[in-house]
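A.B. asks: I am sharing run_5.txt, which consists of compact mmCIF, C-alpha atoms:
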# COMPACT_ATOMS: atom_id res chain seq x y z
CA MET C 1 -59.04 157.52 164.72
CA SER C 2 -55.24 157.43 165.08
CA VAL C 3 -53.53 155.87 168.04
CA GLU C 4 -50.42 157.62 169.25
CA SER C 5 -47.13 155.97 170.07
CA VAL C 6 -46.23 155.71 173.75
CA PHE C 7 -42.54 155.98 172.85
CA PRO C 8 -42.16 159.62 173.97
CA ARG C 9 -43.27 158.52 177.48
CA LEU C 10 -41.27 155.28 177.33
CA GLU C 11 -38.01 156.74 176.07
CA SER C 12 -37.21 158.64 179.27
CA LEU C 13 -37.57 155.39 181.27
CA LEU C 14 -35.19 153.32 179.16
CA PRO C 15 -31.90 154.57 180.67
CA ARG C 16 -33.16 153.23 184.01
CA VAL C 17 -33.66 149.60 182.91
CA ALA C 18 -31.47 146.63 182.01
CA LYS C 19 -31.31 145.84 178.29
CA PRO C 20 -33.32 148.85 177.04
CA VAL C 21 -32.68 147.87 173.41
CA GLN C 22 -35.35 145.15 173.69
CA TYR C 23 -38.03 147.83 173.88
CA VAL C 24 -36.88 150.05 171.01
CA GLY C 25 -37.87 147.99 167.94
CA GLY C 26 -36.76 148.82 164.42
CA GLU C 27 -35.32 145.39 163.60
CA LEU C 28 -34.59 144.22 160.08
CA ASN C 29 -37.90 143.32 158.37
CA ALA C 30 -40.02 145.03 161.05
CA THR C 31 -43.24 146.52 159.71
CA VAL C 32 -44.98 149.68 160.86
CA LYS C 33 -48.17 150.42 158.97
CA ASP C 34 -50.48 153.42 159.05
CA TRP C 35 -53.05 152.83 161.80
CA ASP C 36 -55.89 154.61 160.03
CA SER C 37 -55.53 152.69 156.76
CA ALA C 38 -56.02 149.29 158.42
CA ALA C 39 -59.44 147.68 158.74
CA VAL C 40 -58.18 145.15 161.30
CA ARG C 41 -55.33 145.61 163.80
CA TRP C 42 -53.59 142.66 165.47
CA ALA C 43 -51.25 142.72 168.46
CA LEU C 44 -49.27 139.47 168.49
CA MET C 45 -47.81 138.59 171.86
CA TYR C 46 -45.11 136.16 172.82
CA PRO C 47 -45.40 136.22 176.62
CA ASP C 48 -41.71 136.06 177.41
CA ALA C 49 -38.73 138.36 177.11
CA TYR C 50 -38.03 139.94 173.74
CA GLU C 51 -34.85 137.96 173.22
CA VAL C 52 -36.76 134.70 173.74
CA GLY C 53 -39.83 135.66 171.70
CA LEU C 54 -38.21 137.42 168.74
CA PRO C 55 -36.91 134.22 167.09
CA ASN C 56 -40.23 132.38 167.54
CA GLN C 57 -41.08 131.19 164.04
CA GLY C 58 -44.82 130.93 164.66
CA VAL C 59 -45.12 134.60 165.62
CA MET C 60 -42.78 135.61 162.78
CA ILE C 61 -44.88 133.74 160.20
CA LEU C 62 -48.19 135.17 161.46
CA TYR C 63 -46.68 138.66 161.59
CA GLU C 64 -45.51 138.44 157.99
CA ILE C 65 -48.71 136.86 156.61
CA LEU C 66 -50.96 139.38 158.35
CA ASN C 67 -48.87 142.37 157.26
CA GLU C 68 -48.90 141.17 153.64
CA GLN C 69 -52.64 141.93 153.62
CA PRO C 70 -53.19 145.58 152.59
CA ASP C 71 -55.98 146.25 155.10
CA VAL C 72 -54.41 144.40 158.06
CA LEU C 73 -51.90 145.77 160.54
CA ALA C 74 -49.96 143.43 162.86
CA GLU C 75 -47.48 144.45 165.53
CA ARG C 76 -45.57 142.44 168.14
CA THR C 77 -45.44 142.72 171.90
CA TYR C 78 -43.43 140.83 174.49
CA ALA C 79 -43.35 140.54 178.26
CA VAL C 80 -41.44 143.38 179.90
CA TRP C 81 -38.86 142.74 182.59
CA PRO C 82 -39.79 143.62 186.21
CA ASP C 83 -37.62 146.75 186.19
CA LEU C 84 -39.58 148.29 183.32
CA GLU C 85 -42.90 146.95 184.60
CA LYS C 86 -42.40 148.89 187.83
CA LEU C 87 -41.58 152.10 185.94
CA MET C 88 -44.49 151.63 183.53
CA ARG C 89 -46.89 151.36 186.44
CA GLU C 90 -45.39 154.43 188.16
CA HIS C 91 -45.55 156.52 184.97
CA HIS C 92 -48.83 155.09 183.59
CA VAL C 93 -47.27 153.68 180.41
CA PRO C 94 -49.43 150.84 179.03
CA GLN C 95 -48.24 147.56 177.54
CA PHE C 96 -47.02 148.49 174.06
CA THR C 97 -45.92 146.95 170.79
CA VAL C 98 -42.26 147.10 169.77
CA ASP C 99 -43.09 148.02 166.18
CA GLY C 100 -45.16 151.20 166.50
CA HIS C 101 -45.07 151.48 170.32
CA ARG C 102 -48.84 151.57 170.29
CA PRO C 103 -50.89 150.59 173.36
CA VAL C 104 -51.91 146.93 173.19
CA GLY C 105 -55.36 147.83 174.51
CA ALA C 106 -56.08 149.86 171.35
CA PHE C 107 -55.84 146.87 168.99
CA ASP C 108 -58.82 144.93 167.65
CA LEU C 109 -57.33 141.49 168.31
CA LEU C 110 -54.71 140.13 170.67
CA GLY C 111 -53.07 136.87 169.64
CA VAL C 112 -50.90 135.05 172.16
CA SER C 113 -48.44 132.27 171.39
CA PHE C 114 -47.53 129.96 174.27
CA SER C 115 -44.61 127.58 174.14
CA THR C 116 -44.99 126.61 177.80
CA GLU C 117 -47.37 127.30 180.66
CA LEU C 118 -44.68 129.51 182.22
CA GLY C 119 -45.91 132.33 179.99
CA TYR C 120 -49.36 132.44 181.61
CA THR C 121 -48.34 134.81 184.40
CA ASN C 122 -46.50 137.04 181.92
CA MET C 123 -49.67 137.23 179.80
CA LEU C 124 -51.72 138.22 182.85
CA THR C 125 -49.21 140.95 183.69
CA ALA C 126 -49.32 142.22 180.10
CA LEU C 127 -53.13 142.28 180.12
CA ASP C 128 -53.08 144.23 183.36
CA LEU C 129 -50.50 146.69 182.01
CA ALA C 130 -52.62 147.10 178.88
CA GLY C 131 -55.72 147.92 180.93
CA ILE C 132 -57.50 144.82 179.63
CA PRO C 133 -59.60 143.12 182.34
CA LEU C 134 -58.32 139.67 183.28
CA HIS C 135 -61.80 138.15 183.30
CA ALA C 136 -63.58 137.94 179.95
CA THR C 137 -66.89 138.82 181.61
CA ASP C 138 -65.41 142.21 182.58
CA ARG C 139 -64.35 143.09 179.02
CA THR C 140 -66.36 145.24 176.65
CA GLU C 141 -66.34 145.88 172.91
CA ASP C 142 -63.65 148.49 173.60
CA HIS C 143 -61.13 145.76 174.49
CA PRO C 144 -59.28 143.54 172.01
CA VAL C 145 -60.79 140.13 171.29
Represent the structure of the file as structure tokens.

C.D. replies:
Amino acid sequence: MSVESVFPRLESLLPRVAKPVQYVGGELNATVKDWDSAAVRWALMYPDAYEVGLPNQGVMILYEILNEQPDVLAERTYAVWPDLEKLMREHHVPQFTVDGHRPVGAFDLLGVSFSTELGYTNMLTALDLAGIPLHATDRTEDHPV
């Protein structure tokens, strides 16, 4: 069951935000795999702005190792700035990955890398934007682990 990119809905919002390039993706060495050919799909989150999270070596290493596996797909997601968060809520655009612009809530697993406790609130915002309940007791098998 394929998962569609949210980019067509996101693209029209980008001219209205500061630093829209942080949401576009397509960096050197970025990987976008076929959703349907993966047995396991990871969303790796660094709960801070793209420009802070992109150089994080831990996320970069996990991303590369996971994507080297033929049946594993890994994509990255970062905290969005308040200007885009507001527009995403208004236009019902979920938290997305920068690689394939897929909804974070559609992945099997969500890995989060914290460098400080300041990222906790950003993670909660991302979970809410993704439609993932904040309390584990409220989650079902349809939500990422």

A.B. asks: Would you mind listing what lies within 6 Å of region 29-39 of chain C as a count of residues only, with all atoms listed in the file counted and same-chain residues fewer than 2 positions away left out?

C.D. replies: 7

A.B. asks: Quick one: contact table of region 27-94 of chain C to region 119-130 of chain C, 7 Å max, nearest atom pair and distance in Å to one decimal per residue, counting all atoms listed in the file, chain and number order, as a tab-separated table?

C.D. replies:
residue	atom	partner	partner_atom	distance
C:Pro47	CA	C:Gly119	CA	5.2
C:Asp48	CA	C:Gly119	CA	6.2
C:Ala79	CA	C:Asn122	CA	6.0
C:Pro94	CA	C:Ala130	CA	4.9

A.B. asks: If you count all atoms listed in the file, which residues fall within 12 Å of Met88 (chain C), apart from same-chain ones fewer than 6 positions away, as number ranges by chain?

C.D. replies: C: 6-7, 9-14, 16-17, 80-82, 94-96, 125-126, 128-130

A.B. asks: Would you work out the distance separating CA of Asp138 (chain C) from CA of Ala43 (chain C), expressed in Å to one decimal?

C.D. replies: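 If I compute the distance from CA of Asp138 (chain C) to CA of Ala43 (chain C), I get 20.0 Å.
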
A.B. asks: Compare C:Leu110, C:Val3, C:Glu51, C:His101 by their minimum atom-to-atom distance to Lys19 (chain C), counting all atoms listed in the file, and give me the closest one.

C.D. replies: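 Selected residue with least distance to Lys19 (chain C): C:Glu51.
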
A.B. asks: Need to verify the contact set: Phe107 (chain C), 9 Å, all atoms listed in the file, exclusion of same-chain residues closer than 2 positions in sequence. Can you return it as a PyMOL selection string?

C.D. replies: chain C and resi 40-43+102-105+109-110+143-145

A.B. asks: My list of candidates is C:Leu118, C:Val21, C:Leu66, C:Val59. Which is closest to Met45 (chain C) when distances are computed with all atoms listed in the file?

C.D. replies: C:Val59

A.B. asks: Could you give me, as a count of residues only, the residues within 12 Å of Met60 (chain C), counting only C-alpha atoms and dropping anything in the same chain fewer than 3 positions from it?

C.D. replies: 21

A.B. asks: Because some atoms of region 61-72 of chain C are absent here, can you restore all heavy atoms and send them as a short mmCIF file (atom, residue, chain, number, x, y, z; two decimals), in the frame of the given file?

C.D. replies:
data_model
loop_
_atom_site.label_atom_id
_atom_site.label_comp_id
_atom_site.auth_asym_id
_atom_site.auth_seq_id
_atom_site.Cartn_x
_atom_site.Cartn_y
_atom_site.Cartn_z
N ILE C 61 -44.08 134.10 161.38
CA ILE C 61 -44.88 133.74 160.20
C ILE C 61 -46.22 134.48 160.21
O ILE C 61 -46.63 135.06 159.20
CB ILE C 61 -45.07 132.22 160.12
CG1 ILE C 61 -43.74 131.55 159.77
CG2 ILE C 61 -46.14 131.85 159.10
CD1 ILE C 61 -43.72 130.04 159.96
N LEU C 62 -46.92 134.46 161.35
CA LEU C 62 -48.19 135.17 161.46
C LEU C 62 -48.02 136.66 161.19
O LEU C 62 -48.82 137.28 160.48
CB LEU C 62 -48.82 134.96 162.83
CG LEU C 62 -49.43 133.59 163.09
CD1 LEU C 62 -49.81 133.46 164.56
CD2 LEU C 62 -50.64 133.38 162.20
N TYR C 63 -46.99 137.24 161.76
CA TYR C 63 -46.68 138.66 161.59
C TYR C 63 -46.51 139.00 160.11
O TYR C 63 -47.09 139.97 159.60
CB TYR C 63 -45.42 138.97 162.39
CG TYR C 63 -44.88 140.37 162.31
CD1 TYR C 63 -45.51 141.42 162.96
CD2 TYR C 63 -43.70 140.64 161.62
CE1 TYR C 63 -44.98 142.71 162.91
CE2 TYR C 63 -43.17 141.91 161.57
CZ TYR C 63 -43.81 142.94 162.21
OH TYR C 63 -43.29 144.21 162.17
N GLU C 64 -45.75 138.18 159.41
CA GLU C 64 -45.51 138.44 157.99
C GLU C 64 -46.78 138.25 157.15
O GLU C 64 -47.12 139.09 156.31
CB GLU C 64 -44.41 137.52 157.47
CG GLU C 64 -44.07 137.78 156.01
CD GLU C 64 -42.92 136.93 155.50
OE1 GLU C 64 -42.18 136.35 156.31
OE2 GLU C 64 -42.77 136.87 154.27
N ILE C 65 -47.49 137.14 157.38
CA ILE C 65 -48.71 136.86 156.61
C ILE C 65 -49.76 137.95 156.82
O ILE C 65 -50.39 138.41 155.87
CB ILE C 65 -49.28 135.47 156.96
CG1 ILE C 65 -48.36 134.38 156.40
CG2 ILE C 65 -50.69 135.30 156.45
CD1 ILE C 65 -48.71 132.98 156.86
N LEU C 66 -49.96 138.34 158.06
CA LEU C 66 -50.96 139.38 158.35
C LEU C 66 -50.57 140.71 157.70
O LEU C 66 -51.41 141.38 157.10
CB LEU C 66 -51.15 139.53 159.85
CG LEU C 66 -51.85 138.38 160.55
CD1 LEU C 66 -51.74 138.51 162.07
CD2 LEU C 66 -53.31 138.30 160.13
N ASN C 67 -49.30 141.09 157.82
CA ASN C 67 -48.87 142.37 157.26
C ASN C 67 -48.80 142.38 155.75
O ASN C 67 -48.76 143.46 155.14
CB ASN C 67 -47.54 142.80 157.88
CG ASN C 67 -47.74 143.47 159.22
OD1 ASN C 67 -48.64 144.29 159.38
ND2 ASN C 67 -46.93 143.10 160.18
N GLU C 68 -48.84 141.22 155.10
CA GLU C 68 -48.90 141.17 153.64
C GLU C 68 -50.28 141.60 153.14
O GLU C 68 -50.42 141.99 151.98
CB GLU C 68 -48.60 139.75 153.14
CG GLU C 68 -47.13 139.39 153.21
CD GLU C 68 -46.85 137.95 152.81
OE1 GLU C 68 -47.80 137.16 152.66
OE2 GLU C 68 -45.66 137.62 152.66
N GLN C 69 -51.29 141.53 153.99
CA GLN C 69 -52.64 141.93 153.62
C GLN C 69 -52.72 143.46 153.68
O GLN C 69 -52.34 144.07 154.69
CB GLN C 69 -53.67 141.32 154.58
CG GLN C 69 -53.57 139.82 154.72
CD GLN C 69 -53.63 139.10 153.40
OE1 GLN C 69 -54.51 139.34 152.58
NE2 GLN C 69 -52.67 138.21 153.16
N PRO C 70 -53.20 144.11 152.63
CA PRO C 70 -53.19 145.58 152.59
C PRO C 70 -54.04 146.26 153.66
O PRO C 70 -53.71 147.36 154.09
CB PRO C 70 -53.71 145.91 151.19
CG PRO C 70 -54.37 144.68 150.69
CD PRO C 70 -53.76 143.52 151.41
N ASP C 71 -55.10 145.61 154.12
CA ASP C 71 -55.98 146.25 155.10
C ASP C 71 -55.80 145.71 156.52
O ASP C 71 -56.61 145.96 157.40
CB ASP C 71 -57.44 146.13 154.67
CG ASP C 71 -57.89 144.69 154.52
OD1 ASP C 71 -57.03 143.79 154.45
OD2 ASP C 71 -59.11 144.45 154.47
N VAL C 72 -54.70 144.98 156.74
CA VAL C 72 -54.41 144.40 158.06
C VAL C 72 -53.10 144.96 158.58
O VAL C 72 -52.12 145.07 157.85
CB VAL C 72 -54.35 142.85 157.99
CG1 VAL C 72 -53.97 142.25 159.33
CG2 VAL C 72 -55.67 142.28 157.50
#
